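Structure first, commentary second.
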Amino acid sequence: MKFGKVDHPELIDFTIPPDHPDTAVVLSKNTQEWETKVFVGCAKWNRQDLKNFYPRGTKDELTYYSTQFNCIELNATFYRIFPPDTYEKWYDKAPEGFKFFPKMTNEVSHLRRLNDKVYDVADRYLEVTSLLKEKLGTIFLQMHNNFGPKNWDRVERFVEYWPKEFPLALEFRHTDWFTDETVAQELYHLLEENNMANVLVDTAGRRDLMHMRLTNNEAFIRYVGANHESDYPRLEDWVKRLTTWKKMGLKNIHFFVHQNLELESPLLSAHFIEKLNPKLGCNLTIPKSTLSPQKDLFN
């Protein structure tokens with residue numbers, strides 16, 4: 001994942017900003033006792049991307065991947081809508097409790113940019129994606145960097161059209177969605193009214209995307225490491241923030257680890273999960289890797 005890549009990550013201030021004031025308001029609405037559900041995964045299960053993650057002789061990548069992680073941020077569905085039997089095979093290979101968090105097809109987000117012709121495409125996407133049944137997590141819609149607030153009417157119509165039985169998270173990348181206070185408040189209100197998650201992207205070159213504004217009881221976080229020694233303390237800072245949010249009422253944590261060189265994603269995920277388990281009282285599997293953190297990670 002090259003988005004937000006910088007040449008000198010040591011010059012970036014990776015401090016997690018303070019929460020948006022309304023994040024506490026959203027989380028405070030959860031007044032009942034709850035068990036926080038935690039899902040941590042990578043973006044892909046491809047052997048080529050996750051080199052040295054799969055043991056020698058692994059015959060099926062998804063089958064093995066799903067023994068190490070409890071979810072996948074399914075980026076493959078961004079590039080095409082697969083035939084129904086593909087989703088059925090994915091469902092059968094993944095164990096009980098595993099979740100897929102598929103990305104909306106780029107025909108909706110990038111090619112047609114939420115115009116009037118996306119609705120048939122979205123319906124077709126949901127028809128096959130629903131074959132994942134109870135293993136389907138939140139679908140996420142990622143808009144192009146140049147998709148700005150001038151397209152507000154398209155966003156509003158799509159959000160209101162979306163069938164609410166399918167959880168949806170939205171990721172906006174044009175800086176004006178967050179730097180323009182009036183626009184930001186309108187966007188947050190729209191997502192909150194429709195119980196949709198506001199994706200947080202933690203990447204080196206786009207700190208403006210760390211808006212820290214939750215719009216429902218879901219923290220959907222896309223973390224992009226810099227292949228730099230700062231990656232570890234950054235993840236530890238997220239453990240602290242998520243621990244705080246849990247105490248405030250957070251029920252759903254969906255955290256996806258990316259890297260500019262994806263082969264290191266399982267290694268960082270292992271570190272994150274190892275720190276997260278005792279703090280949140282969960283018992284996620286710590287994924288194995290043949291990479292050595294001391295020898296390989298930053299060389």
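Ordered as shown in the structure tokens, chains take letters A, B, and onward, while each chain numbers its residues from 1 and ligands are numbered from 1 in the order shown.
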### Query
Near Ala43 of chain A, within 8 Å and counting only C-alpha atoms, which residues show up once chain neighbours fewer than 2 positions away are dropped, as a PyMOL selection string?
chain A and resi 41+45+72-75+256-258
### Query
Residues of segment 85-136 of chain A in helix (DSSP H, G or I) according to DSSP, as a ChimeraX atom specification?
/A:85-93,106-111,118-135
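Coordinates place atom CA of Phe166 of chain A at a distance of 27.6 Å from atom CA of Pro21 of chain A.
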Could you build a table of the residues in segment 200-286 of chain A lying no more than 12 Å from segment 123-147 of chain A, giving for each the nearest pair of atoms and their separation in Å rounded to one decimal place, using only C-alpha atoms, ordered by chain and ascending residue number, as CSV?
```
residue,atom,partner,partner_atom,distance
A:Leu200,CA,A:Gln142,CA,11.2
A:Val201,CA,A:Gln142,CA,10.8
A:Arg206,CA,A:Asn145,CA,11.0
A:Leu209,CA,A:Asn145,CA,11.3
A:Glu218,CA,A:Thr138,CA,9.6
A:Ala219,CA,A:Thr138,CA,10.9
A:Phe220,CA,A:Thr138,CA,8.8
A:Ile221,CA,A:Phe140,CA,11.0
A:Arg222,CA,A:Phe140,CA,10.9
A:Asn252,CA,A:Thr138,CA,10.5
A:Ile253,CA,A:Thr138,CA,11.0
A:His254,CA,A:Thr138,CA,8.8
A:Phe255,CA,A:Thr138,CA,11.7
```
### Query
Near Arg80 of chain A, counting only C-alpha atoms, which residues have an atom at most 8 Å away, once you skip same-chain residues fewer than 2 positions from it, shown as a list in words?
Ala76, Thr77, Phe78, Phe82, Thr105 and Asn106 of chain A
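Among the candidates A:Met196, A:Thr86, A:His271, A:Arg173, the one nearest to Arg234 of chain A when counting only C-alpha atoms is A:His271.
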### Task
Please provide as a PyMOL selection string all residues within 12 Å of segment 241-251 of chain A, with the sequence filter that same-chain residues fewer than 5 positions apart are discarded (counting only C-alpha atoms).
chain A and resi 15-19+23-39+212-221+234-236+272+275-282
### Query
Contacts of Leu50 of chain A at 12 Å or less, counting only C-alpha atoms, minus same-chain residues fewer than 5 places along, as JSON, numbers by chain?
{"A": [42, 43, 44, 45, 55, 61, 62, 65, 258, 259, 260, 261, 262, 263, 264, 265, 266, 267, 288, 289, 290, 291]}
Considering only strand (DSSP E) as DSSP defines it on the backbone, what residues of segment 77-264 of chain A qualify? List them as a PDB file with all heavy atoms, in the first residue's frame.
```
ATOM      1  N   LYS A  99     -14.115 -13.175   9.834  1.00  0.00           N
ATOM      2  CA  LYS A  99     -14.884 -12.145   9.145  1.00  0.00           C
ATOM      3  C   LYS A  99     -14.121 -11.606   7.934  1.00  0.00           C
ATOM      4  O   LYS A  99     -12.913 -11.396   7.978  1.00  0.00           O
ATOM      5  CB  LYS A  99     -15.171 -10.961  10.090  1.00  0.00           C
ATOM      6  CG  LYS A  99     -16.087 -11.283  11.255  1.00  0.00           C
ATOM      7  CD  LYS A  99     -17.545 -11.266  10.856  1.00  0.00           C
ATOM      8  CE  LYS A  99     -18.449 -11.381  12.083  1.00  0.00           C
ATOM      9  NZ  LYS A  99     -19.874 -11.417  11.713  1.00  0.00           N
ATOM     10  N   PHE A 100     -14.871 -11.362   6.864  1.00  0.00           N
ATOM     11  CA  PHE A 100     -14.368 -10.682   5.671  1.00  0.00           C
ATOM     12  C   PHE A 100     -14.865  -9.231   5.706  1.00  0.00           C
ATOM     13  O   PHE A 100     -16.057  -8.991   5.932  1.00  0.00           O
ATOM     14  CB  PHE A 100     -14.879 -11.353   4.404  1.00  0.00           C
ATOM     15  CG  PHE A 100     -14.420 -12.765   4.213  1.00  0.00           C
ATOM     16  CD1 PHE A 100     -15.125 -13.832   4.783  1.00  0.00           C
ATOM     17  CD2 PHE A 100     -13.297 -13.063   3.448  1.00  0.00           C
ATOM     18  CE1 PHE A 100     -14.716 -15.142   4.603  1.00  0.00           C
ATOM     19  CE2 PHE A 100     -12.885 -14.372   3.252  1.00  0.00           C
ATOM     20  CZ  PHE A 100     -13.585 -15.415   3.829  1.00  0.00           C
ATOM     21  N   PHE A 101     -13.964  -8.289   5.444  1.00  0.00           N
ATOM     22  CA  PHE A 101     -14.317  -6.868   5.383  1.00  0.00           C
ATOM     23  C   PHE A 101     -14.000  -6.371   3.970  1.00  0.00           C
ATOM     24  O   PHE A 101     -12.956  -5.775   3.718  1.00  0.00           O
ATOM     25  CB  PHE A 101     -13.530  -6.076   6.428  1.00  0.00           C
ATOM     26  CG  PHE A 101     -13.918  -6.386   7.847  1.00  0.00           C
ATOM     27  CD1 PHE A 101     -13.431  -7.521   8.488  1.00  0.00           C
ATOM     28  CD2 PHE A 101     -14.779  -5.559   8.544  1.00  0.00           C
ATOM     29  CE1 PHE A 101     -13.789  -7.823   9.789  1.00  0.00           C
ATOM     30  CE2 PHE A 101     -15.145  -5.837   9.851  1.00  0.00           C
ATOM     31  CZ  PHE A 101     -14.653  -6.980  10.482  1.00  0.00           C
ATOM     32  N   PRO A 102     -14.899  -6.612   3.027  1.00  0.00           N
ATOM     33  CA  PRO A 102     -14.592  -6.367   1.610  1.00  0.00           C
ATOM     34  C   PRO A 102     -14.678  -4.891   1.219  1.00  0.00           C
ATOM     35  O   PRO A 102     -15.508  -4.127   1.718  1.00  0.00           O
ATOM     36  CB  PRO A 102     -15.649  -7.186   0.880  1.00  0.00           C
ATOM     37  CG  PRO A 102     -16.781  -7.274   1.828  1.00  0.00           C
ATOM     38  CD  PRO A 102     -16.208  -7.251   3.204  1.00  0.00           C
ATOM     39  N   ILE A 139     -18.522  -3.683   5.121  1.00  0.00           N
ATOM     40  CA  ILE A 139     -18.043  -3.320   3.780  1.00  0.00           C
ATOM     41  C   ILE A 139     -17.499  -1.895   3.865  1.00  0.00           C
ATOM     42  O   ILE A 139     -18.026  -1.071   4.616  1.00  0.00           O
ATOM     43  CB  ILE A 139     -19.200  -3.400   2.767  1.00  0.00           C
ATOM     44  CG1 ILE A 139     -19.707  -4.846   2.660  1.00  0.00           C
ATOM     45  CG2 ILE A 139     -18.783  -2.871   1.402  1.00  0.00           C
ATOM     46  CD1 ILE A 139     -21.032  -4.987   1.929  1.00  0.00           C
ATOM     47  N   PHE A 140     -16.427  -1.603   3.128  1.00  0.00           N
ATOM     48  CA  PHE A 140     -15.971  -0.211   3.166  1.00  0.00           C
ATOM     49  C   PHE A 140     -15.826   0.359   1.767  1.00  0.00           C
ATOM     50  O   PHE A 140     -15.435  -0.310   0.824  1.00  0.00           O
ATOM     51  CB  PHE A 140     -14.694  -0.050   4.003  1.00  0.00           C
ATOM     52  CG  PHE A 140     -13.412  -0.541   3.391  1.00  0.00           C
ATOM     53  CD1 PHE A 140     -12.495   0.358   2.856  1.00  0.00           C
ATOM     54  CD2 PHE A 140     -13.101  -1.890   3.388  1.00  0.00           C
ATOM     55  CE1 PHE A 140     -11.301  -0.082   2.313  1.00  0.00           C
ATOM     56  CE2 PHE A 140     -11.904  -2.335   2.857  1.00  0.00           C
ATOM     57  CZ  PHE A 140     -10.997  -1.436   2.307  1.00  0.00           C
ATOM     58  N   LEU A 141     -16.210   1.632   1.683  1.00  0.00           N
ATOM     59  CA  LEU A 141     -16.200   2.387   0.447  1.00  0.00           C
ATOM     60  C   LEU A 141     -15.096   3.427   0.539  1.00  0.00           C
ATOM     61  O   LEU A 141     -15.131   4.295   1.403  1.00  0.00           O
ATOM     62  CB  LEU A 141     -17.553   3.071   0.241  1.00  0.00           C
ATOM     63  CG  LEU A 141     -17.681   4.052  -0.917  1.00  0.00           C
ATOM     64  CD1 LEU A 141     -17.609   3.323  -2.258  1.00  0.00           C
ATOM     65  CD2 LEU A 141     -18.985   4.842  -0.808  1.00  0.00           C
ATOM     66  N   GLN A 142     -14.113   3.323  -0.346  1.00  0.00           N
ATOM     67  CA  GLN A 142     -12.980   4.253  -0.346  1.00  0.00           C
ATOM     68  C   GLN A 142     -13.072   5.150  -1.583  1.00  0.00           C
ATOM     69  O   GLN A 142     -13.027   4.673  -2.707  1.00  0.00           O
ATOM     70  CB  GLN A 142     -11.664   3.481  -0.362  1.00  0.00           C
ATOM     71  CG  GLN A 142     -10.417   4.350  -0.450  1.00  0.00           C
ATOM     72  CD  GLN A 142      -9.213   3.526  -0.877  1.00  0.00           C
ATOM     73  OE1 GLN A 142      -8.893   3.420  -2.049  1.00  0.00           O
ATOM     74  NE2 GLN A 142      -8.557   2.906   0.096  1.00  0.00           N
ATOM     75  N   LEU A 168     -21.659  -0.463   6.739  1.00  0.00           N
ATOM     76  CA  LEU A 168     -20.823   0.238   5.774  1.00  0.00           C
ATOM     77  C   LEU A 168     -19.923   1.230   6.487  1.00  0.00           C
ATOM     78  O   LEU A 168     -20.348   1.931   7.409  1.00  0.00           O
ATOM     79  CB  LEU A 168     -21.687   0.980   4.748  1.00  0.00           C
ATOM     80  CG  LEU A 168     -20.938   1.715   3.625  1.00  0.00           C
ATOM     81  CD1 LEU A 168     -20.247   0.721   2.691  1.00  0.00           C
ATOM     82  CD2 LEU A 168     -21.879   2.621   2.835  1.00  0.00           C
ATOM     83  N   ALA A 169     -18.653   1.272   6.046  1.00  0.00           N
ATOM     84  CA  ALA A 169     -17.706   2.289   6.492  1.00  0.00           C
ATOM     85  C   ALA A 169     -17.264   3.082   5.272  1.00  0.00           C
ATOM     86  O   ALA A 169     -17.128   2.526   4.183  1.00  0.00           O
ATOM     87  CB  ALA A 169     -16.500   1.642   7.176  1.00  0.00           C
ATOM     88  N   LEU A 170     -17.052   4.378   5.451  1.00  0.00           N
ATOM     89  CA  LEU A 170     -16.676   5.241   4.330  1.00  0.00           C
ATOM     90  C   LEU A 170     -15.339   5.900   4.606  1.00  0.00           C
ATOM     91  O   LEU A 170     -15.093   6.384   5.715  1.00  0.00           O
ATOM     92  CB  LEU A 170     -17.744   6.303   4.076  1.00  0.00           C
ATOM     93  CG  LEU A 170     -19.074   5.758   3.542  1.00  0.00           C
ATOM     94  CD1 LEU A 170     -20.042   5.479   4.673  1.00  0.00           C
ATOM     95  CD2 LEU A 170     -19.712   6.730   2.555  1.00  0.00           C
ATOM     96  N   GLU A 171     -14.503   5.927   3.568  1.00  0.00           N
ATOM     97  CA  GLU A 171     -13.183   6.545   3.657  1.00  0.00           C
ATOM     98  C   GLU A 171     -13.090   7.658   2.622  1.00  0.00           C
ATOM     99  O   GLU A 171     -13.166   7.417   1.415  1.00  0.00           O
ATOM    100  CB  GLU A 171     -12.078   5.509   3.405  1.00  0.00           C
ATOM    101  CG  GLU A 171     -10.678   6.101   3.417  1.00  0.00           C
ATOM    102  CD  GLU A 171      -9.609   5.077   3.102  1.00  0.00           C
ATOM    103  OE1 GLU A 171      -9.820   3.870   3.384  1.00  0.00           O
ATOM    104  OE2 GLU A 171      -8.560   5.467   2.557  1.00  0.00           O
ATOM    105  N   ALA A 197     -19.705   3.869   9.721  1.00  0.00           N
ATOM    106  CA  ALA A 197     -18.401   4.153  10.312  1.00  0.00           C
ATOM    107  C   ALA A 197     -17.613   5.135   9.461  1.00  0.00           C
ATOM    108  O   ALA A 197     -17.700   5.130   8.232  1.00  0.00           O
ATOM    109  CB  ALA A 197     -17.607   2.860  10.492  1.00  0.00           C
ATOM    110  N   ASN A 198     -16.840   5.963  10.123  1.00  0.00           N
ATOM    111  CA  ASN A 198     -15.969   6.945   9.496  1.00  0.00           C
ATOM    112  C   ASN A 198     -14.545   6.387   9.560  1.00  0.00           C
ATOM    113  O   ASN A 198     -13.936   6.348  10.625  1.00  0.00           O
ATOM    114  CB  ASN A 198     -16.077   8.265  10.272  1.00  0.00           C
ATOM    115  CG  ASN A 198     -15.447   9.431   9.569  1.00  0.00           C
ATOM    116  OD1 ASN A 198     -15.145   9.373   8.379  1.00  0.00           O
ATOM    117  ND2 ASN A 198     -15.232  10.518  10.309  1.00  0.00           N
ATOM    118  N   LEU A 200     -10.749   5.637   9.722  1.00  0.00           N
ATOM    119  CA  LEU A 200      -9.532   6.337  10.129  1.00  0.00           C
ATOM    120  C   LEU A 200      -8.352   5.732   9.388  1.00  0.00           C
ATOM    121  O   LEU A 200      -8.180   4.504   9.397  1.00  0.00           O
ATOM    122  CB  LEU A 200      -9.315   6.190  11.633  1.00  0.00           C
ATOM    123  CG  LEU A 200     -10.021   7.196  12.532  1.00  0.00           C
ATOM    124  CD1 LEU A 200     -10.085   6.676  13.956  1.00  0.00           C
ATOM    125  CD2 LEU A 200      -9.295   8.535  12.491  1.00  0.00           C
ATOM    126  N   VAL A 201      -7.547   6.571   8.749  1.00  0.00           N
ATOM    127  CA  VAL A 201      -6.360   6.105   8.032  1.00  0.00           C
ATOM    128  C   VAL A 201      -5.129   6.697   8.695  1.00  0.00           C
ATOM    129  O   VAL A 201      -4.975   7.922   8.760  1.00  0.00           O
ATOM    130  CB  VAL A 201      -6.398   6.496   6.544  1.00  0.00           C
ATOM    131  CG1 VAL A 201      -5.160   5.957   5.830  1.00  0.00           C
ATOM    132  CG2 VAL A 201      -7.663   5.970   5.877  1.00  0.00           C
ATOM    133  N   ASP A 202      -4.270   5.834   9.202  1.00  0.00           N
ATOM    134  CA  ASP A 202      -3.029   6.271   9.853  1.00  0.00           C
ATOM    135  C   ASP A 202      -1.871   5.981   8.913  1.00  0.00           C
ATOM    136  O   ASP A 202      -1.385   4.851   8.827  1.00  0.00           O
ATOM    137  CB  ASP A 202      -2.857   5.519  11.172  1.00  0.00           C
ATOM    138  CG  ASP A 202      -1.625   5.960  11.951  1.00  0.00           C
ATOM    139  OD1 ASP A 202      -0.794   6.706  11.386  1.00  0.00           O
ATOM    140  OD2 ASP A 202      -1.484   5.549  13.115  1.00  0.00           O
ATOM    141  N   ALA A 219     -14.747   1.323  15.496  1.00  0.00           N
ATOM    142  CA  ALA A 219     -13.471   1.930  15.112  1.00  0.00           C
ATOM    143  C   ALA A 219     -12.915   1.111  13.953  1.00  0.00           C
ATOM    144  O   ALA A 219     -12.454  -0.018  14.146  1.00  0.00           O
ATOM    145  CB  ALA A 219     -12.500   1.937  16.279  1.00  0.00           C
ATOM    146  N   PHE A 220     -13.017   1.659  12.744  1.00  0.00           N
ATOM    147  CA  PHE A 220     -12.517   0.996  11.532  1.00  0.00           C
ATOM    148  C   PHE A 220     -11.225   1.720  11.161  1.00  0.00           C
ATOM    149  O   PHE A 220     -11.253   2.846  10.676  1.00  0.00           O
ATOM    150  CB  PHE A 220     -13.552   1.112  10.410  1.00  0.00           C
ATOM    151  CG  PHE A 220     -13.310   0.210   9.232  1.00  0.00           C
ATOM    152  CD1 PHE A 220     -14.190  -0.824   8.925  1.00  0.00           C
ATOM    153  CD2 PHE A 220     -12.202   0.383   8.406  1.00  0.00           C
ATOM    154  CE1 PHE A 220     -13.985  -1.657   7.832  1.00  0.00           C
ATOM    155  CE2 PHE A 220     -11.976  -0.443   7.313  1.00  0.00           C
ATOM    156  CZ  PHE A 220     -12.871  -1.470   7.029  1.00  0.00           C
ATOM    157  N   ILE A 221     -10.089   1.056  11.429  1.00  0.00           N
ATOM    158  CA  ILE A 221      -8.787   1.713  11.322  1.00  0.00           C
ATOM    159  C   ILE A 221      -7.929   1.001  10.296  1.00  0.00           C
ATOM    160  O   ILE A 221      -7.714  -0.217  10.371  1.00  0.00           O
ATOM    161  CB  ILE A 221      -8.074   1.713  12.689  1.00  0.00           C
ATOM    162  CG1 ILE A 221      -8.908   2.487  13.713  1.00  0.00           C
ATOM    163  CG2 ILE A 221      -6.672   2.319  12.574  1.00  0.00           C
ATOM    164  CD1 ILE A 221      -8.643   2.089  15.135  1.00  0.00           C
ATOM    165  N   ARG A 222      -7.416   1.777   9.341  1.00  0.00           N
ATOM    166  CA  ARG A 222      -6.498   1.257   8.328  1.00  0.00           C
ATOM    167  C   ARG A 222      -5.116   1.851   8.636  1.00  0.00           C
ATOM    168  O   ARG A 222      -4.865   3.023   8.386  1.00  0.00           O
ATOM    169  CB  ARG A 222      -6.990   1.603   6.931  1.00  0.00           C
ATOM    170  CG  ARG A 222      -8.423   1.144   6.667  1.00  0.00           C
ATOM    171  CD  ARG A 222      -8.868   1.421   5.241  1.00  0.00           C
ATOM    172  NE  ARG A 222      -8.233   0.500   4.311  1.00  0.00           N
ATOM    173  CZ  ARG A 222      -7.741   0.845   3.128  1.00  0.00           C
ATOM    174  NH1 ARG A 222      -7.740   2.117   2.759  1.00  0.00           N
ATOM    175  NH2 ARG A 222      -7.207  -0.044   2.333  1.00  0.00           N
ATOM    176  N   TYR A 223      -4.273   1.015   9.196  1.00  0.00           N
ATOM    177  CA  TYR A 223      -2.943   1.444   9.641  1.00  0.00           C
ATOM    178  C   TYR A 223      -1.923   1.116   8.547  1.00  0.00           C
ATOM    179  O   TYR A 223      -1.841  -0.034   8.093  1.00  0.00           O
ATOM    180  CB  TYR A 223      -2.577   0.720  10.938  1.00  0.00           C
ATOM    181  CG  TYR A 223      -1.141   0.912  11.357  1.00  0.00           C
ATOM    182  CD1 TYR A 223      -0.779   1.964  12.186  1.00  0.00           C
ATOM    183  CD2 TYR A 223      -0.143   0.049  10.911  1.00  0.00           C
ATOM    184  CE1 TYR A 223       0.541   2.155  12.571  1.00  0.00           C
ATOM    185  CE2 TYR A 223       1.182   0.224  11.284  1.00  0.00           C
ATOM    186  CZ  TYR A 223       1.513   1.280  12.109  1.00  0.00           C
ATOM    187  OH  TYR A 223       2.819   1.460  12.476  1.00  0.00           O
ATOM    188  N   VAL A 224      -1.137   2.114   8.145  1.00  0.00           N
ATOM    189  CA  VAL A 224      -0.124   1.910   7.112  1.00  0.00           C
ATOM    190  C   VAL A 224       1.257   2.172   7.716  1.00  0.00           C
ATOM    191  O   VAL A 224       1.613   3.310   8.022  1.00  0.00           O
ATOM    192  CB  VAL A 224      -0.339   2.852   5.902  1.00  0.00           C
ATOM    193  CG1 VAL A 224       0.629   2.481   4.773  1.00  0.00           C
ATOM    194  CG2 VAL A 224      -1.779   2.780   5.416  1.00  0.00           C
ATOM    195  N   GLY A 225       2.014   1.104   7.893  1.00  0.00           N
ATOM    196  CA  GLY A 225       3.366   1.264   8.402  1.00  0.00           C
ATOM    197  C   GLY A 225       4.279   1.904   7.370  1.00  0.00           C
ATOM    198  O   GLY A 225       3.966   1.954   6.178  1.00  0.00           O
ATOM    199  N   ASN A 252     -16.832  -2.298  18.936  1.00  0.00           N
ATOM    200  CA  ASN A 252     -16.320  -2.959  17.730  1.00  0.00           C
ATOM    201  C   ASN A 252     -15.007  -2.330  17.290  1.00  0.00           C
ATOM    202  O   ASN A 252     -14.954  -1.134  16.988  1.00  0.00           O
ATOM    203  CB  ASN A 252     -17.340  -2.847  16.599  1.00  0.00           C
ATOM    204  CG  ASN A 252     -18.663  -3.506  16.948  1.00  0.00           C
ATOM    205  OD1 ASN A 252     -18.771  -4.726  16.971  1.00  0.00           O
ATOM    206  ND2 ASN A 252     -19.675  -2.695  17.244  1.00  0.00           N
ATOM    207  N   ILE A 253     -13.951  -3.141  17.260  1.00  0.00           N
ATOM    208  CA  ILE A 253     -12.636  -2.705  16.796  1.00  0.00           C
ATOM    209  C   ILE A 253     -12.270  -3.519  15.565  1.00  0.00           C
ATOM    210  O   ILE A 253     -12.199  -4.757  15.621  1.00  0.00           O
ATOM    211  CB  ILE A 253     -11.562  -2.896  17.881  1.00  0.00           C
ATOM    212  CG1 ILE A 253     -11.863  -1.991  19.083  1.00  0.00           C
ATOM    213  CG2 ILE A 253     -10.168  -2.615  17.326  1.00  0.00           C
ATOM    214  CD1 ILE A 253     -10.967  -2.251  20.283  1.00  0.00           C
ATOM    215  N   HIS A 254     -12.057  -2.821  14.453  1.00  0.00           N
ATOM    216  CA  HIS A 254     -11.656  -3.456  13.199  1.00  0.00           C
ATOM    217  C   HIS A 254     -10.374  -2.768  12.743  1.00  0.00           C
ATOM    218  O   HIS A 254     -10.390  -1.626  12.292  1.00  0.00           O
ATOM    219  CB  HIS A 254     -12.772  -3.312  12.155  1.00  0.00           C
ATOM    220  CG  HIS A 254     -14.079  -3.868  12.626  1.00  0.00           C
ATOM    221  ND1 HIS A 254     -15.304  -3.301  12.315  1.00  0.00           N
ATOM    222  CD2 HIS A 254     -14.359  -4.942  13.400  1.00  0.00           C
ATOM    223  CE1 HIS A 254     -16.277  -4.011  12.876  1.00  0.00           C
ATOM    224  NE2 HIS A 254     -15.721  -5.006  13.539  1.00  0.00           N
ATOM    225  N   PHE A 255      -9.263  -3.469  12.876  1.00  0.00           N
ATOM    226  CA  PHE A 255      -7.935  -2.866  12.694  1.00  0.00           C
ATOM    227  C   PHE A 255      -7.182  -3.664  11.634  1.00  0.00           C
ATOM    228  O   PHE A 255      -6.976  -4.872  11.778  1.00  0.00           O
ATOM    229  CB  PHE A 255      -7.173  -2.922  14.018  1.00  0.00           C
ATOM    230  CG  PHE A 255      -5.970  -2.016  14.077  1.00  0.00           C
ATOM    231  CD1 PHE A 255      -6.035  -0.773  14.672  1.00  0.00           C
ATOM    232  CD2 PHE A 255      -4.766  -2.431  13.551  1.00  0.00           C
ATOM    233  CE1 PHE A 255      -4.929   0.064  14.750  1.00  0.00           C
ATOM    234  CE2 PHE A 255      -3.641  -1.608  13.607  1.00  0.00           C
ATOM    235  CZ  PHE A 255      -3.723  -0.361  14.210  1.00  0.00           C
ATOM    236  N   PHE A 256      -6.747  -2.953  10.587  1.00  0.00           N
ATOM    237  CA  PHE A 256      -6.102  -3.619   9.451  1.00  0.00           C
ATOM    238  C   PHE A 256      -4.711  -3.046   9.231  1.00  0.00           C
ATOM    239  O   PHE A 256      -4.533  -1.834   9.140  1.00  0.00           O
ATOM    240  CB  PHE A 256      -6.971  -3.468   8.205  1.00  0.00           C
ATOM    241  CG  PHE A 256      -8.357  -4.009   8.408  1.00  0.00           C
ATOM    242  CD1 PHE A 256      -9.412  -3.156   8.706  1.00  0.00           C
ATOM    243  CD2 PHE A 256      -8.595  -5.370   8.373  1.00  0.00           C
ATOM    244  CE1 PHE A 256     -10.683  -3.647   8.934  1.00  0.00           C
ATOM    245  CE2 PHE A 256      -9.868  -5.879   8.603  1.00  0.00           C
ATOM    246  CZ  PHE A 256     -10.915  -5.014   8.892  1.00  0.00           C
ATOM    247  N   VAL A 257      -3.747  -3.941   9.155  1.00  0.00           N
ATOM    248  CA  VAL A 257      -2.340  -3.548   9.065  1.00  0.00           C
ATOM    249  C   VAL A 257      -1.870  -3.640   7.620  1.00  0.00           C
ATOM    250  O   VAL A 257      -1.965  -4.692   6.979  1.00  0.00           O
ATOM    251  CB  VAL A 257      -1.460  -4.436   9.965  1.00  0.00           C
ATOM    252  CG1 VAL A 257       0.008  -4.057   9.820  1.00  0.00           C
ATOM    253  CG2 VAL A 257      -1.895  -4.299  11.426  1.00  0.00           C
ATOM    254  N   HIS A 258      -1.365  -2.529   7.123  1.00  0.00           N
ATOM    255  CA  HIS A 258      -0.773  -2.442   5.795  1.00  0.00           C
ATOM    256  C   HIS A 258       0.691  -2.053   5.938  1.00  0.00           C
ATOM    257  O   HIS A 258       1.113  -1.503   6.956  1.00  0.00           O
ATOM    258  CB  HIS A 258      -1.458  -1.354   4.950  1.00  0.00           C
ATOM    259  CG  HIS A 258      -2.891  -1.598   4.678  1.00  0.00           C
ATOM    260  ND1 HIS A 258      -3.349  -2.033   3.457  1.00  0.00           N
ATOM    261  CD2 HIS A 258      -3.993  -1.444   5.452  1.00  0.00           C
ATOM    262  CE1 HIS A 258      -4.661  -2.138   3.499  1.00  0.00           C
ATOM    263  NE2 HIS A 258      -5.080  -1.783   4.697  1.00  0.00           N
ATOM    264  N   GLN A 259       1.443  -2.297   4.859  1.00  0.00           N
ATOM    265  CA  GLN A 259       2.818  -1.817   4.766  1.00  0.00           C
ATOM    266  C   GLN A 259       3.092  -1.450   3.317  1.00  0.00           C
ATOM    267  O   GLN A 259       2.454  -1.976   2.396  1.00  0.00           O
ATOM    268  CB  GLN A 259       3.815  -2.905   5.199  1.00  0.00           C
ATOM    269  CG  GLN A 259       4.066  -2.962   6.701  1.00  0.00           C
ATOM    270  CD  GLN A 259       4.974  -1.841   7.167  1.00  0.00           C
ATOM    271  OE1 GLN A 259       4.957  -0.734   6.645  1.00  0.00           O
ATOM    272  NE2 GLN A 259       5.773  -2.118   8.164  1.00  0.00           N
TER     273      GLN A 259
END
```
## Note on the structure
If you count only C-alpha atoms, the residue of A:His110, A:His20, A:Lys164, A:Lys51 closest to Glu181 of chain A turns out to be A:His20
### Summary
If you count only C-alpha atoms, the residue of A:Ala184, A:Ile12, A:Leu284, A:Ala270 closest to Phe53 of chain A turns out to be A:Ala270
How close does each residue of segment 175-257 of chain A get to segment 3-10 of chain A, giving the shortest atom pair and distance in Å to one decimal for every residue with an atom at most 8 Å away, counting only C-alpha atoms, sorted by chain and residue number, as a tab-separated table?
```
residue	atom	partner	partner_atom	distance
A:Thr203	CA	A:Gly4	CA	5.4
A:Ala204	CA	A:Gly4	CA	5.5
A:Gly205	CA	A:Gly4	CA	4.1
A:Arg206	CA	A:Gly4	CA	5.5
A:Ala226	CA	A:Pro9	CA	6.6
A:His228	CA	A:Pro9	CA	7.1
A:Ser230	CA	A:Glu10	CA	7.5
```
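The environment of segment 161-163 of chain A within 9 Å, counting only C-alpha atoms and disregarding residues fewer than 4 places along the same chain, consists of Tyr119, Ala122, Glu156, Arg157, Pro167 and Leu168 of chain A.
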### Query
Quick one: distance from atom CA of Lys93 of chain A to atom CA of Ile81 of chain A in Å, one decimal?
19.0 Å
